[in-house]
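Novice: So I've got this file, upload02.cif, and it contains mmCIF, C-alpha atoms and all ligand atoms:
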data_model
#
loop_
_atom_site.label_atom_id
_atom_site.label_comp_id
_atom_site.auth_asym_id
_atom_site.auth_seq_id
_atom_site.Cartn_x
_atom_site.Cartn_y
_atom_site.Cartn_z
CA MET A 1 0.00 0.00 0.00
CA ARG A 2 1.33 3.40 -0.98
CA GLY A 3 1.87 5.91 1.84
CA GLN A 4 -0.65 8.74 1.80
CA PRO A 5 0.61 12.29 2.35
CA ASP A 6 0.22 13.52 5.90
CA LEU A 7 -2.94 15.60 5.94
CA SER A 8 -3.17 15.58 9.73
CA GLY A 9 -1.91 19.17 9.92
CA ALA A 10 -4.71 20.32 7.60
CA PRO A 11 -7.62 22.06 9.32
CA THR A 12 -10.64 19.83 9.81
CA SER A 13 -12.79 20.60 6.83
CA ALA A 14 -16.54 20.83 6.63
CA LYS A 15 -16.38 19.78 2.98
CA PRO A 16 -17.58 16.17 2.52
CA PHE A 17 -15.68 16.05 -0.77
CA LEU A 18 -12.36 16.11 1.08
CA ALA A 19 -13.18 13.30 3.54
CA PRO A 20 -12.25 10.39 1.21
CA PHE A 21 -8.78 11.92 0.87
CA ARG A 22 -8.38 11.45 4.64
CA GLY A 23 -9.19 7.77 4.15
CA GLU A 24 -12.91 7.95 5.00
CA ALA A 25 -15.51 5.85 3.19
CA LEU A 26 -18.50 8.22 3.32
CA ALA A 27 -22.09 7.02 3.01
CA PRO A 28 -23.38 8.54 0.81
CA PRO A 29 -20.18 9.24 -1.12
CA PRO A 30 -19.51 12.77 -2.40
CA VAL A 31 -20.80 13.31 -5.95
CA TRP A 32 -19.93 15.53 -8.92
CA LEU A 33 -19.98 14.89 -12.70
CA MET A 34 -17.28 15.52 -15.27
CA ARG A 35 -18.41 18.36 -17.60
CA GLN A 36 -21.23 19.12 -15.16
CA ALA A 37 -21.40 22.67 -16.54
CA GLY A 38 -22.26 22.36 -20.19
CA ARG A 39 -24.66 22.19 -23.05
CA TYR A 40 -27.23 19.85 -21.42
CA LEU A 41 -28.18 22.78 -19.14
CA PRO A 42 -30.49 25.48 -20.60
CA GLU A 43 -28.92 28.10 -18.32
CA TYR A 44 -25.46 27.20 -19.71
CA ARG A 45 -26.72 27.57 -23.29
CA ALA A 46 -28.11 31.01 -22.41
CA THR A 47 -24.82 32.28 -20.93
CA ARG A 48 -22.88 30.68 -23.78
CA ALA A 49 -25.07 32.52 -26.32
CA LYS A 50 -24.48 35.81 -24.48
CA ALA A 51 -20.71 35.20 -24.55
CA GLY A 52 -20.78 34.63 -28.32
CA SER A 53 -17.89 32.20 -28.41
CA PHE A 54 -16.67 29.36 -26.21
CA LEU A 55 -13.24 30.94 -25.65
CA LYS A 56 -14.81 34.28 -24.75
CA LEU A 57 -16.82 32.40 -22.13
CA CYS A 58 -13.65 30.77 -20.76
CA TYR A 59 -11.81 34.11 -20.58
CA THR A 60 -14.55 36.30 -19.12
CA PRO A 61 -14.32 35.65 -15.37
CA ALA A 62 -17.83 36.88 -14.50
CA MET A 63 -19.45 34.57 -17.07
CA ALA A 64 -17.10 31.62 -16.47
CA ALA A 65 -17.82 31.87 -12.73
CA GLU A 66 -21.55 32.00 -13.43
CA VAL A 67 -21.52 28.77 -15.46
CA THR A 68 -19.24 27.06 -12.92
CA LEU A 69 -21.89 27.73 -10.26
CA GLN A 70 -24.93 26.77 -12.35
CA PRO A 71 -24.79 23.01 -11.64
CA ILE A 72 -24.15 23.73 -7.93
CA VAL A 73 -27.24 25.93 -7.71
CA ARG A 74 -29.36 23.38 -9.56
CA TYR A 75 -28.15 20.11 -8.03
CA GLY A 76 -26.03 20.89 -4.96
CA PHE A 77 -23.05 18.77 -6.07
CA ASP A 78 -20.32 18.31 -3.44
CA ALA A 79 -17.77 19.93 -5.75
CA ALA A 80 -17.73 22.59 -8.43
CA ILE A 81 -15.22 22.28 -11.26
CA LEU A 82 -13.72 25.44 -12.69
CA PHE A 83 -15.25 26.23 -16.06
CA SER A 84 -12.41 26.37 -18.55
CA ASP A 85 -10.88 23.93 -21.02
CA ILE A 86 -7.71 21.85 -21.25
CA LEU A 87 -6.87 23.73 -24.48
CA VAL A 88 -6.40 27.01 -22.63
CA VAL A 89 -2.77 25.90 -22.14
CA PRO A 90 -1.85 25.68 -25.87
CA ASP A 91 -3.77 28.92 -26.40
CA ALA A 92 -1.74 30.58 -23.63
CA LEU A 93 1.47 29.24 -25.20
CA GLY A 94 0.55 31.03 -28.43
CA GLN A 95 -0.80 28.22 -30.64
CA ARG A 96 -3.70 29.52 -32.68
CA LEU A 97 -6.96 27.96 -31.41
CA GLU A 98 -10.61 28.29 -32.31
CA PHE A 99 -13.73 26.35 -31.44
CA VAL A 100 -15.77 25.69 -34.54
CA GLU A 101 -19.51 25.60 -33.85
CA GLY A 102 -20.76 22.01 -33.80
CA GLU A 103 -17.29 20.60 -34.63
CA GLY A 104 -14.98 21.23 -31.70
CA PRO A 105 -11.50 22.67 -31.34
CA ARG A 106 -9.25 23.55 -34.30
CA LEU A 107 -5.56 24.31 -33.79
CA GLU A 108 -2.77 25.07 -36.23
CA PRO A 109 -0.91 21.70 -35.99
CA ILE A 110 2.59 21.45 -34.55
CA ARG A 111 4.34 18.35 -35.89
CA ASP A 112 8.07 18.93 -35.49
CA VAL A 113 10.65 20.54 -33.28
CA ALA A 114 11.04 23.55 -35.58
CA SER A 115 7.37 24.46 -35.04
CA LEU A 116 7.91 24.60 -31.27
CA ALA A 117 9.50 28.00 -31.92
CA ARG A 118 5.93 29.28 -32.43
CA LEU A 119 5.26 28.67 -28.74
CA ASP A 120 6.34 30.97 -25.94
CA ALA A 121 6.09 29.82 -22.31
CA GLY A 122 6.81 33.38 -21.19
CA LYS A 123 3.42 34.47 -22.59
CA CYS A 124 1.29 32.12 -20.46
CA ALA A 125 0.86 34.27 -17.38
CA ALA A 126 -1.39 36.92 -18.95
CA THR A 127 -3.87 34.31 -20.23
CA PHE A 128 -3.76 32.21 -17.06
CA GLU A 129 -4.49 35.31 -14.97
CA ARG A 130 -8.06 35.46 -16.34
CA VAL A 131 -8.68 31.85 -15.34
CA PHE A 132 -7.28 32.50 -11.86
CA GLU A 133 -9.68 35.39 -11.50
CA THR A 134 -12.56 33.02 -12.32
CA VAL A 135 -11.33 30.66 -9.59
CA ALA A 136 -11.22 33.50 -7.05
CA ARG A 137 -14.76 34.62 -7.98
CA VAL A 138 -16.14 31.10 -7.71
CA ARG A 139 -14.38 30.59 -4.40
CA ALA A 140 -16.03 33.72 -3.01
CA ASP A 141 -19.54 32.65 -4.10
CA LEU A 142 -19.39 28.94 -3.37
CA PRO A 143 -21.22 27.49 -0.33
CA LYS A 144 -18.60 26.69 2.31
CA GLU A 145 -19.41 22.97 2.22
CA THR A 146 -18.71 22.77 -1.53
CA ALA A 147 -15.19 22.00 -2.75
CA LEU A 148 -13.68 23.63 -5.81
CA ILE A 149 -11.79 21.49 -8.32
CA GLY A 150 -9.12 23.06 -10.51
CA PHE A 151 -7.78 21.11 -13.50
CA CYS A 152 -5.52 20.82 -16.48
CA GLY A 153 -5.12 18.35 -19.29
CA ALA A 154 -2.19 15.96 -18.89
CA PRO A 155 0.73 16.79 -21.22
CA TRP A 156 0.13 13.70 -23.41
CA THR A 157 -3.55 14.47 -24.03
CA VAL A 158 -2.96 18.20 -24.62
CA ALA A 159 -0.09 17.32 -26.98
CA THR A 160 -2.44 15.14 -29.06
CA TYR A 161 -4.69 18.14 -29.74
CA MET A 162 -1.68 20.34 -30.54
CA VAL A 163 -0.20 17.83 -32.97
CA GLU A 164 -3.40 16.57 -34.63
CA GLY A 165 -4.86 20.07 -34.84
CA GLY A 166 -8.01 19.02 -32.96
CA GLY A 167 -9.79 15.92 -31.71
CA SER A 168 -8.82 12.63 -33.36
CA LYS A 169 -9.83 8.98 -33.33
CA ASP A 170 -6.42 7.40 -32.81
CA GLN A 171 -3.89 10.19 -32.15
CA ALA A 172 -1.83 8.77 -35.02
CA GLU A 173 0.29 11.83 -35.90
CA THR A 174 1.23 12.32 -32.25
CA ARG A 175 2.17 8.69 -31.71
CA LEU A 176 4.24 8.76 -34.90
CA TRP A 177 6.14 11.86 -33.84
CA ALA A 178 6.82 10.29 -30.43
CA TYR A 179 8.11 7.05 -32.08
CA ARG A 180 10.22 8.74 -34.75
CA ASP A 181 11.69 11.59 -32.75
CA PRO A 182 11.32 10.98 -28.99
CA GLY A 183 13.86 13.68 -28.17
CA GLY A 184 11.95 16.32 -30.12
CA PHE A 185 8.56 15.22 -28.83
CA ALA A 186 9.96 15.31 -25.28
CA GLN A 187 10.54 19.05 -25.74
CA LEU A 188 6.83 19.58 -26.35
CA ILE A 189 5.94 17.41 -23.34
CA HIS A 190 8.43 19.31 -21.20
CA LEU A 191 6.97 22.67 -22.25
CA LEU A 192 3.48 21.44 -21.36
CA THR A 193 4.64 20.00 -18.04
CA GLU A 194 6.12 23.34 -16.99
CA ALA A 195 3.07 25.32 -18.14
CA SER A 196 0.74 22.87 -16.35
CA VAL A 197 2.60 23.27 -13.05
CA GLU A 198 2.28 27.05 -13.32
CA TYR A 199 -1.39 26.74 -14.29
CA LEU A 200 -2.31 24.36 -11.46
CA CYS A 201 -0.36 26.22 -8.76
CA GLY A 202 -2.08 29.47 -9.79
CA GLN A 203 -5.48 27.79 -9.46
CA VAL A 204 -4.68 26.55 -5.95
CA LYS A 205 -3.38 29.99 -4.97
CA ALA A 206 -6.66 31.48 -6.22
CA GLY A 207 -8.76 29.04 -4.17
CA ALA A 208 -8.99 25.52 -5.69
CA ASP A 209 -9.19 22.77 -3.01
CA VAL A 210 -8.47 19.77 -5.25
CA LEU A 211 -6.91 19.30 -8.70
CA GLN A 212 -7.73 16.88 -11.48
CA ILE A 213 -5.41 15.98 -14.35
CA PHE A 214 -7.41 14.82 -17.39
CA ASP A 215 -5.58 12.26 -19.54
CA THR A 216 -8.40 11.45 -21.93
CA TRP A 217 -6.16 9.74 -24.51
CA ALA A 218 -3.87 7.82 -22.10
CA GLY A 219 -5.36 4.62 -23.52
CA SER A 220 -3.84 5.01 -26.97
CA LEU A 221 -0.27 4.14 -25.89
CA PRO A 222 1.55 0.82 -25.47
CA LYS A 223 3.26 0.33 -22.15
CA GLU A 224 6.71 1.87 -22.65
CA GLN A 225 5.14 4.92 -24.27
CA PHE A 226 2.57 5.08 -21.50
CA PHE A 227 5.40 5.15 -18.93
CA GLN A 228 7.26 7.85 -20.83
CA TRP A 229 4.47 10.19 -21.96
CA VAL A 230 1.66 9.58 -19.45
CA GLU A 231 3.21 8.50 -16.14
CA TYR A 232 6.47 10.40 -16.12
CA PRO A 233 5.15 13.92 -16.95
CA THR A 234 2.20 13.44 -14.59
CA ALA A 235 4.56 12.34 -11.80
CA THR A 236 6.60 15.50 -12.41
CA ILE A 237 3.52 17.72 -12.23
CA VAL A 238 2.33 16.03 -9.01
CA ARG A 239 5.76 16.34 -7.39
CA ARG A 240 6.20 19.97 -8.37
CA VAL A 241 2.70 21.07 -7.32
CA ARG A 242 3.15 19.25 -4.02
CA GLU A 243 6.43 21.06 -3.35
CA VAL A 244 4.36 24.24 -3.21
CA TYR A 245 1.02 22.88 -1.93
CA PRO A 246 1.66 19.62 -0.03
CA ASN A 247 -1.94 19.21 1.17
CA VAL A 248 -3.90 19.64 -2.06
CA PRO A 249 -5.27 16.29 -3.26
CA ILE A 250 -4.66 15.51 -6.93
CA ILE A 251 -6.90 13.18 -8.93
CA GLY A 252 -5.50 11.56 -12.08
CA PHE A 253 -7.86 10.45 -14.85
CA PRO A 254 -5.82 8.17 -17.15
CA ARG A 255 -8.75 7.16 -19.33
CA GLY A 256 -8.31 3.78 -21.01
CA SER A 257 -5.25 2.83 -18.93
CA GLY A 258 -6.78 -0.56 -17.99
CA VAL A 259 -4.36 -2.85 -16.15
CA LYS A 260 -1.74 -0.07 -16.11
CA ALA A 261 -3.85 1.98 -13.67
CA GLU A 262 -2.30 0.48 -10.53
CA ARG A 263 1.22 1.33 -11.62
CA TYR A 264 0.03 4.77 -12.75
CA VAL A 265 -1.06 5.56 -9.17
CA GLU A 266 2.19 4.22 -7.70
CA VAL A 267 4.44 6.11 -10.11
CA THR A 268 2.57 9.41 -10.30
CA GLY A 269 1.64 9.67 -6.61
CA VAL A 270 -1.89 10.91 -7.33
CA GLN A 271 -4.21 10.53 -4.30
CA GLY A 272 -7.29 10.01 -6.45
CA LEU A 273 -7.87 7.79 -9.48
CA GLY A 274 -10.63 8.66 -11.93
CA CYS A 275 -11.88 5.39 -13.43
CA ASP A 276 -13.39 5.18 -16.89
CA THR A 277 -16.59 3.43 -17.89
CA ALA A 278 -14.81 0.23 -18.94
CA THR A 279 -13.45 -0.43 -15.42
CA PRO A 280 -15.62 -2.95 -13.50
CA ALA A 281 -16.73 -1.79 -10.02
CA TRP A 282 -14.88 -4.74 -8.43
CA ALA A 283 -11.67 -3.62 -10.16
CA MET A 284 -12.16 -0.11 -8.74
CA HIS A 285 -12.49 -1.72 -5.31
CA ASP A 286 -9.28 -3.72 -5.85
CA LEU A 287 -7.48 -0.57 -7.03
CA ALA A 288 -8.60 1.33 -3.93
CA ARG A 289 -7.31 -1.47 -1.69
CA GLN A 290 -4.07 -2.03 -3.59
CA THR A 291 -3.02 1.59 -4.05
CA GLY A 292 -4.62 3.42 -1.12
CA ALA A 293 -5.96 6.00 -3.60
CA VAL A 294 -9.50 7.36 -3.57
CA VAL A 295 -11.38 5.92 -6.54
CA GLN A 296 -13.76 8.06 -8.57
CA GLY A 297 -16.27 7.16 -11.25
CA ASN A 298 -17.61 5.56 -13.36
CA LEU A 299 -21.23 5.48 -14.49
CA ASP A 300 -21.57 5.36 -18.27
CA PRO A 301 -22.74 8.84 -19.39
CA LEU A 302 -25.17 7.10 -21.76
CA VAL A 303 -26.79 5.20 -18.89
CA LEU A 304 -27.55 8.64 -17.48
CA VAL A 305 -29.15 9.58 -20.80
CA ALA A 306 -31.21 6.36 -20.80
CA GLY A 307 -32.33 6.79 -17.17
CA GLY A 308 -35.05 4.61 -15.60
CA PRO A 309 -34.45 1.22 -13.94
CA LEU A 310 -31.13 0.80 -15.77
CA LEU A 311 -29.79 3.92 -14.08
CA GLU A 312 -30.95 2.62 -10.70
CA ALA A 313 -29.28 -0.76 -11.26
CA TYR A 314 -25.92 0.79 -12.16
CA VAL A 315 -26.00 3.24 -9.26
CA ARG A 316 -26.93 0.43 -6.87
CA GLU A 317 -23.98 -1.64 -8.05
CA LEU A 318 -21.45 1.19 -7.67
CA LEU A 319 -22.70 2.19 -4.21
CA GLY A 320 -22.82 -1.44 -3.06
CA VAL A 321 -19.43 -2.59 -4.31
CA LEU A 322 -17.57 0.58 -3.26
CA ARG A 323 -19.27 1.20 0.09
CA ASP A 324 -16.23 0.29 2.23
CA VAL A 325 -13.47 2.19 0.38
CA PRO A 326 -12.84 5.94 -0.01
CA TYR A 327 -14.92 6.71 -3.09
CA ILE A 328 -16.28 9.68 -5.06
CA PHE A 329 -19.31 9.12 -7.28
CA ASN A 330 -18.91 10.38 -10.86
CA LEU A 331 -19.39 9.38 -14.47
CA GLY A 332 -16.74 7.41 -16.36
CA HIS A 333 -16.39 10.30 -18.85
CA GLY A 334 -18.00 13.69 -19.46
CA ILE A 335 -21.75 14.20 -19.41
CA VAL A 336 -23.15 14.41 -22.96
CA PRO A 337 -25.25 17.31 -24.33
CA GLN A 338 -28.38 15.17 -24.88
CA THR A 339 -28.63 14.29 -21.15
CA PRO A 340 -32.05 15.26 -19.75
CA PRO A 341 -31.40 17.59 -16.77
CA GLU A 342 -34.07 15.74 -14.75
CA HIS A 343 -32.06 12.51 -15.05
CA VAL A 344 -29.16 14.29 -13.34
CA ALA A 345 -31.49 15.35 -10.51
CA ARG A 346 -32.66 11.73 -10.21
CA LEU A 347 -29.06 10.50 -10.13
CA VAL A 348 -28.07 12.88 -7.33
CA ASP A 349 -31.14 11.74 -5.40
CA LEU A 350 -30.28 8.07 -5.89
CA VAL A 351 -26.70 8.62 -4.70
CA ARG A 352 -27.74 10.70 -1.68
CA LYS A 353 -30.75 8.67 -0.55
CA GLY A 354 -29.64 5.27 -1.79
CA VAL A 355 -31.39 2.92 -4.24
CA ASN A 356 -34.03 0.65 -2.71
O1 LIG A 401 -19.60 25.30 -27.12
C1 LIG A 401 -19.44 24.65 -26.07
O2 LIG A 401 -20.15 24.86 -25.10
C2 LIG A 401 -18.30 23.66 -26.11
C3 LIG A 401 -18.40 22.45 -25.25
C4 LIG A 401 -17.26 22.39 -24.22
C5 LIG A 401 -17.39 22.52 -22.83
C6 LIG A 401 -18.65 22.70 -22.04
C7 LIG A 401 -15.88 22.27 -24.50
C8 LIG A 401 -15.24 22.19 -25.84
N1 LIG A 401 -15.18 22.30 -23.31
C9 LIG A 401 -16.06 22.45 -22.26
C10 LIG A 401 -15.73 22.60 -20.84
C11 LIG A 401 -14.73 21.67 -20.23
N2 LIG A 401 -13.81 20.89 -20.89
C12 LIG A 401 -14.54 21.49 -18.85
C13 LIG A 401 -15.29 22.37 -17.84
C14 LIG A 401 -15.63 21.92 -16.53
C15 LIG A 401 -16.66 20.83 -16.40
O3 LIG A 401 -17.84 21.16 -16.31
O4 LIG A 401 -16.27 19.65 -16.32
C16 LIG A 401 -13.54 20.52 -18.69
C17 LIG A 401 -12.99 19.93 -17.41
C18 LIG A 401 -13.09 20.17 -19.99
C19 LIG A 401 -11.98 19.22 -20.23
C20 LIG A 401 -11.70 18.79 -21.62
N3 LIG A 401 -11.74 19.52 -22.79
C21 LIG A 401 -11.19 17.50 -21.94
C22 LIG A 401 -10.87 16.42 -20.93
C23 LIG A 401 -12.04 15.67 -20.45
C24 LIG A 401 -12.84 14.88 -21.50
O5 LIG A 401 -14.04 15.17 -21.62
O6 LIG A 401 -12.26 13.99 -22.15
C25 LIG A 401 -11.00 17.45 -23.34
C26 LIG A 401 -10.49 16.29 -24.15
C27 LIG A 401 -11.35 18.74 -23.86
C28 LIG A 401 -11.24 19.18 -25.28
C29 LIG A 401 -12.54 19.66 -25.79
N4 LIG A 401 -13.09 20.86 -25.44
C30 LIG A 401 -14.33 21.02 -26.02
C31 LIG A 401 -14.58 19.83 -26.80
C32 LIG A 401 -15.82 19.59 -27.64
C33 LIG A 401 -13.46 18.98 -26.61
C34 LIG A 401 -13.29 17.57 -27.17
C35 LIG A 401 -12.82 17.60 -28.57
C36 LIG A 401 -12.61 16.23 -29.18
O7 LIG A 401 -11.74 15.45 -28.70
O8 LIG A 401 -13.28 15.94 -30.18
#
Once more with this new file: its structure as C-alpha cells, please.
Ligand code: 1CP

Specialist:
Amino acid sequence: MRGQPDLSGAPTSAKPFLAPFRGEALAPPPVWLMRQAGRYLPEYRATRAKAGSFLKLCYTPAMAAEVTLQPIVRYGFDAAILFSDILVVPDALGQRLEFVEGEGPRLEPIRDVASLARLDAGKCAATFERVFETVARVRADLPKETALIGFCGAPWTVATYMVEGGGSKDQAETRLWAYRDPGGFAQLIHLLTEASVEYLCGQVKAGADVLQIFDTWAGSLPKEQFFQWVEYPTATIVRRVREVYPNVPIIGFPRGSGVKAERYVEVTGVQGLGCDTATPAWAMHDLARQTGAVVQGNLDPLVLVAGGPLLEAYVRELLGVLRDVPYIFNLGHGIVPQTPPEHVARLVDLVRKGVN
C-alpha cells in the first residue's frame, strides 16, 4: 500500500468532498460529474449565447464563474469544477486555437521541433491570470461545504490536440512523432509539463481545493510509451505542485489505462484515481485497496441519458461494491449534451438517498 501524504496538519474541513482523501468511506459518497457545466443545461446555453464564443466564455471571469456555479445551484453537487478547457494551455502558449460551432477545437498543428519555436512559455501568465480570477470569484460565491476542483489536461492528451490540430480517433500523428523523434517530442511534453505546473499552482493559490489531471487519450499508448508520456510527466507535475502545496489532493484520470492503472497511481503519486466506464466496479475496489488511492467514477454517461431502472441498477452496483473504500461518485467520462437535466437530478437523489 502506498503511503498517503500527511494531511493531519490540515484544518478539519466541513467539505464532505475532502473526507475520502483522509481515508474515509463516506455514506453517501460525495458526488460531482465531469463536464457538469455544459450544453445539457439550458442556463449554460443562455450564458454561452451571451458570450458569443466558447473561448470568450472561458476568458470572461464573471461569465465563467456564473456557469461554474450553475450546476451547484441546480443540483447541490459536493464539488464545483472550474469552467475552462484543457486547451487554454496551448492557447496561452501562443498556438492559434478556435472552437468551430458544432465541430470542436481547431488548432494550427505542430508536428516537429522547428514548429515549437511558435510557442512561448513566457506568454502564459497573462492568459492564465483570467482563469485564476474566475477561480477566485467562484471561491467567493461557493457554499462553504462545496469543494472547488481546478484542473488541467495531462501533457500527453494536450499534446495530441496540438499535434493533430483538434480531436482525433487514434492520435496517429502524435504517436508517430513520439516514435520517430522521442527527443523532439519530449521538448513539447516538457513545455506542457512546466506550463501545467504554473497553471495548477495558480489555481490553488486562487482558491482551488483539489486538482484533477485529465488524460483522456492515455489509452492510446503501449506500455513503454505510456510510462514515458503519461506517467512520467504526470509524476513530475504532481511532485512539483506538491512542493508548493503539499496538502492539495490531486486526482489523475488516465482514461483507457486498464491494467496499467495500478502502476500509474504508484508512479505518479496521485491521491485520487478517476476510473473510466470500462473499469468494473470490483476492479475499482481492488485498485482502492491495492493503491490506497481514492477511486472516482464511473457510471456510463449514456446510462444517465437512458435513465429509468437501468440507471438505478448501475448506481446500486457502484454504491454497493464501493461502500467500504474511499470513493467519489462520478461518471466514467463527461456528461453528454443530450442528457435530460431531470435525469441528473434523479441521479443525485439516488446517490444521496440510496437505491431501494
Ligand atoms: O460550445 C461549447 O459549449 C463547447 C463544449 C465544451 C465545454 C462545455 C468544450 C469544448 N469544453 C467544455 C468545458 C470543459 N472541458 C470542462 C469544464 C468543466 C466541467 O464542467 O467539467 C472541462 C474539465 C473540460 C476538459 C476537456 N476539454 C477535456 C478532458 C475531459 C474529456 O471530456 O475527455 C478534453 C479532451 C477537452 C477538449 C474539448 N473541449 C471542447 C470539446 C468539444 C473537446 C473535445 C474535442 C474532441 O476530442 O473531439

Novice: Between A:Thr60, A:Thr174, A:Gln36, A:Gln212, which one has atoms that come closest to Arg74 (chain A), using all atoms listed in the file?

Specialist: A:Gln36

Novice: Between region 163-268 of chain A and region 22-29 of chain A, at 12 Å or less, what are the per-residue closest atom pairs and their distances in Å? Count all atoms listed in the file, order by chain and rising residue number, and return it as JSON lines.

Specialist:
{"residue": "A:Asn247", "atom": "CA", "partner": "A:Arg22", "partner_atom": "CA", "distance": 10.7}
{"residue": "A:Val248", "atom": "CA", "partner": "A:Arg22", "partner_atom": "CA", "distance": 11.5}
{"residue": "A:Pro249", "atom": "CA", "partner": "A:Arg22", "partner_atom": "CA", "distance": 9.8}

Novice: Would you write out those residues with C-alpha atoms, as a compact mmCIF listing (two decimals), in the coordinates of the input?

Specialist:
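Output below, filename selection.txt:
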# COMPACT_ATOMS: atom_id res chain seq x y z
CA ASN A 247 -1.94 19.21 1.17
CA VAL A 248 -3.90 19.64 -2.06
CA PRO A 249 -5.27 16.29 -3.26

Novice: Determine, for each residue of chain A having at least one atom at most 7 Å from an atom of ligand LIG 401 (chain A), the closest pair of atoms and their separation in Å to one decimal, counting all atoms listed in the file; order by chain and ascending number, as a tab-separated table.

Specialist:
residue	atom	partner	partner_atom	distance
A:Met34	CA	A:LIG401	O4	4.4
A:Arg35	CA	A:LIG401	O4	2.8
A:Gln36	CA	A:LIG401	O3	4.1
A:Ala37	CA	A:LIG401	O3	3.9
A:Gly38	CA	A:LIG401	C6	4.1
A:Arg39	CA	A:LIG401	O2	5.6
A:Arg48	CA	A:LIG401	O2	6.6
A:Phe54	CA	A:LIG401	O1	5.1
A:Thr68	CA	A:LIG401	O3	6.9
A:Ile81	CA	A:LIG401	C14	5.3
A:Leu82	CA	A:LIG401	C14	5.5
A:Phe83	CA	A:LIG401	C13	4.3
A:Ser84	CA	A:LIG401	C13	5.0
A:Asp85	CA	A:LIG401	N2	4.2
A:Ile86	CA	A:LIG401	N3	4.9
A:Leu87	CA	A:LIG401	C28	6.4
A:Glu101	CA	A:LIG401	O1	6.7
A:Gly104	CA	A:LIG401	C32	4.5
A:Pro105	CA	A:LIG401	C35	5.9
A:Phe151	CA	A:LIG401	C17	6.6
A:Gly153	CA	A:LIG401	C22	6.3
A:Gly166	CA	A:LIG401	C36	6.6
A:Gly167	CA	A:LIG401	O7	3.6
A:Ser168	CA	A:LIG401	O7	6.2
A:Phe214	CA	A:LIG401	C22	5.2
A:Asp215	CA	A:LIG401	C22	6.9
A:Thr216	CA	A:LIG401	O6	4.6
A:His333	CA	A:LIG401	O5	6.1
A:Gly334	CA	A:LIG401	O5	4.7

Novice: Keeping C-alpha atoms for every residue in the selection just given, could you write it to a file as a PDB file, in the frame of the given file?

Specialist:
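Dumped everything to selection.pdb:
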ATOM      1  CA  MET A  34     -17.280  15.520 -15.270  1.00  0.00           C
ATOM      2  CA  ARG A  35     -18.410  18.360 -17.600  1.00  0.00           C
ATOM      3  CA  GLN A  36     -21.230  19.120 -15.160  1.00  0.00           C
ATOM      4  CA  ALA A  37     -21.400  22.670 -16.540  1.00  0.00           C
ATOM      5  CA  GLY A  38     -22.260  22.360 -20.190  1.00  0.00           C
ATOM      6  CA  ARG A  39     -24.660  22.190 -23.050  1.00  0.00           C
ATOM      7  CA  ARG A  48     -22.880  30.680 -23.780  1.00  0.00           C
ATOM      8  CA  PHE A  54     -16.670  29.360 -26.210  1.00  0.00           C
ATOM      9  CA  THR A  68     -19.240  27.060 -12.920  1.00  0.00           C
ATOM     10  CA  ILE A  81     -15.220  22.280 -11.260  1.00  0.00           C
ATOM     11  CA  LEU A  82     -13.720  25.440 -12.690  1.00  0.00           C
ATOM     12  CA  PHE A  83     -15.250  26.230 -16.060  1.00  0.00           C
ATOM     13  CA  SER A  84     -12.410  26.370 -18.550  1.00  0.00           C
ATOM     14  CA  ASP A  85     -10.880  23.930 -21.020  1.00  0.00           C
ATOM     15  CA  ILE A  86      -7.710  21.850 -21.250  1.00  0.00           C
ATOM     16  CA  LEU A  87      -6.870  23.730 -24.480  1.00  0.00           C
ATOM     17  CA  GLU A 101     -19.510  25.600 -33.850  1.00  0.00           C
ATOM     18  CA  GLY A 104     -14.980  21.230 -31.700  1.00  0.00           C
ATOM     19  CA  PRO A 105     -11.500  22.670 -31.340  1.00  0.00           C
ATOM     20  CA  PHE A 151      -7.780  21.110 -13.500  1.00  0.00           C
ATOM     21  CA  GLY A 153      -5.120  18.350 -19.290  1.00  0.00           C
ATOM     22  CA  GLY A 166      -8.010  19.020 -32.960  1.00  0.00           C
ATOM     23  CA  GLY A 167      -9.790  15.920 -31.710  1.00  0.00           C
ATOM     24  CA  SER A 168      -8.820  12.630 -33.360  1.00  0.00           C
ATOM     25  CA  PHE A 214      -7.410  14.820 -17.390  1.00  0.00           C
ATOM     26  CA  ASP A 215      -5.580  12.260 -19.540  1.00  0.00           C
ATOM     27  CA  THR A 216      -8.400  11.450 -21.930  1.00  0.00           C
ATOM     28  CA  HIS A 333     -16.390  10.300 -18.850  1.00  0.00           C
ATOM     29  CA  GLY A 334     -18.000  13.690 -19.460  1.00  0.00           C
TER      30      GLY A 334
END

Novice: Using the file's own x, y and z axes, what box holds all listed atoms of region 69-87 of chain A with 4 Å on each side, keeping edges along x, y and z, and what are its centre and edge lengths in Å to one decimal, as JSON?

Specialist:
{"center_x": -18.1, "center_y": 23.0, "center_z": -14.0, "size_x": 30.5, "size_y": 17.4, "size_z": 29.0}

Novice: May I ask which of the residues A:Leu97, A:Val88, A:Ala14, A:Val305 is the closest one to Ala147 (chain A), counting all atoms listed in the file?

Specialist: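 Distance minimum relative to Ala147 (chain A) lands on A:Ala14.
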
Novice: Which residue out of A:Arg323, A:Arg96, A:Lys144, A:Lys50 has the minimum interatomic distance to Trp282 (chain A) when all atoms listed in the file are used?

Specialist: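 Using all atoms listed in the file, Trp282 (chain A) sits closest to A:Arg323.
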
Novice: Might you pull out every residue within 10 Å of Gly308 (chain A), with all atoms listed in the file counted and same-chain residues fewer than 5 positions away left off, and present them as a VMD selection string?

Specialist: chain A and resid 303 313 343 346

Novice: Tell me which protein, DNA and RNA residues are within 7 Å of region 123-125 of chain A, counting all atoms listed in the file, leaving out same-chain ones fewer than 4 positions away, and put them as a PDB file with C-alpha atoms, in the frame of the given file.

Specialist:
ATOM      1  CA  ALA A  92      -1.740  30.580 -23.630  1.00  0.00           C
ATOM      2  CA  LEU A  93       1.470  29.240 -25.200  1.00  0.00           C
ATOM      3  CA  GLU A 129      -4.490  35.310 -14.970  1.00  0.00           C
TER       4      GLU A 129
END

Novice: Kindly indicate which residue among A:Ala65, A:Phe77, A:Val325, A:Ala49 lies nearest to Arg352 (chain A), using all atoms listed in the file for the distances.

Specialist: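 The shortest atom-to-atom distance to Arg352 (chain A) comes from A:Phe77.
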
Novice: Pick from A:Gln95, A:Gln296, A:Gln203, A:Gln290: nearest to Gly252 (chain A), with all atoms listed in the file counted?

Specialist: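 Of the candidates, the smallest distance to Gly252 (chain A) is held by A:Gln296.
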
Novice: Report the distance between CA of Lys56 (chain A) and CA of Tyr75 (chain A) in Å, rounded to one decimal place.

Specialist: 25.7 Å
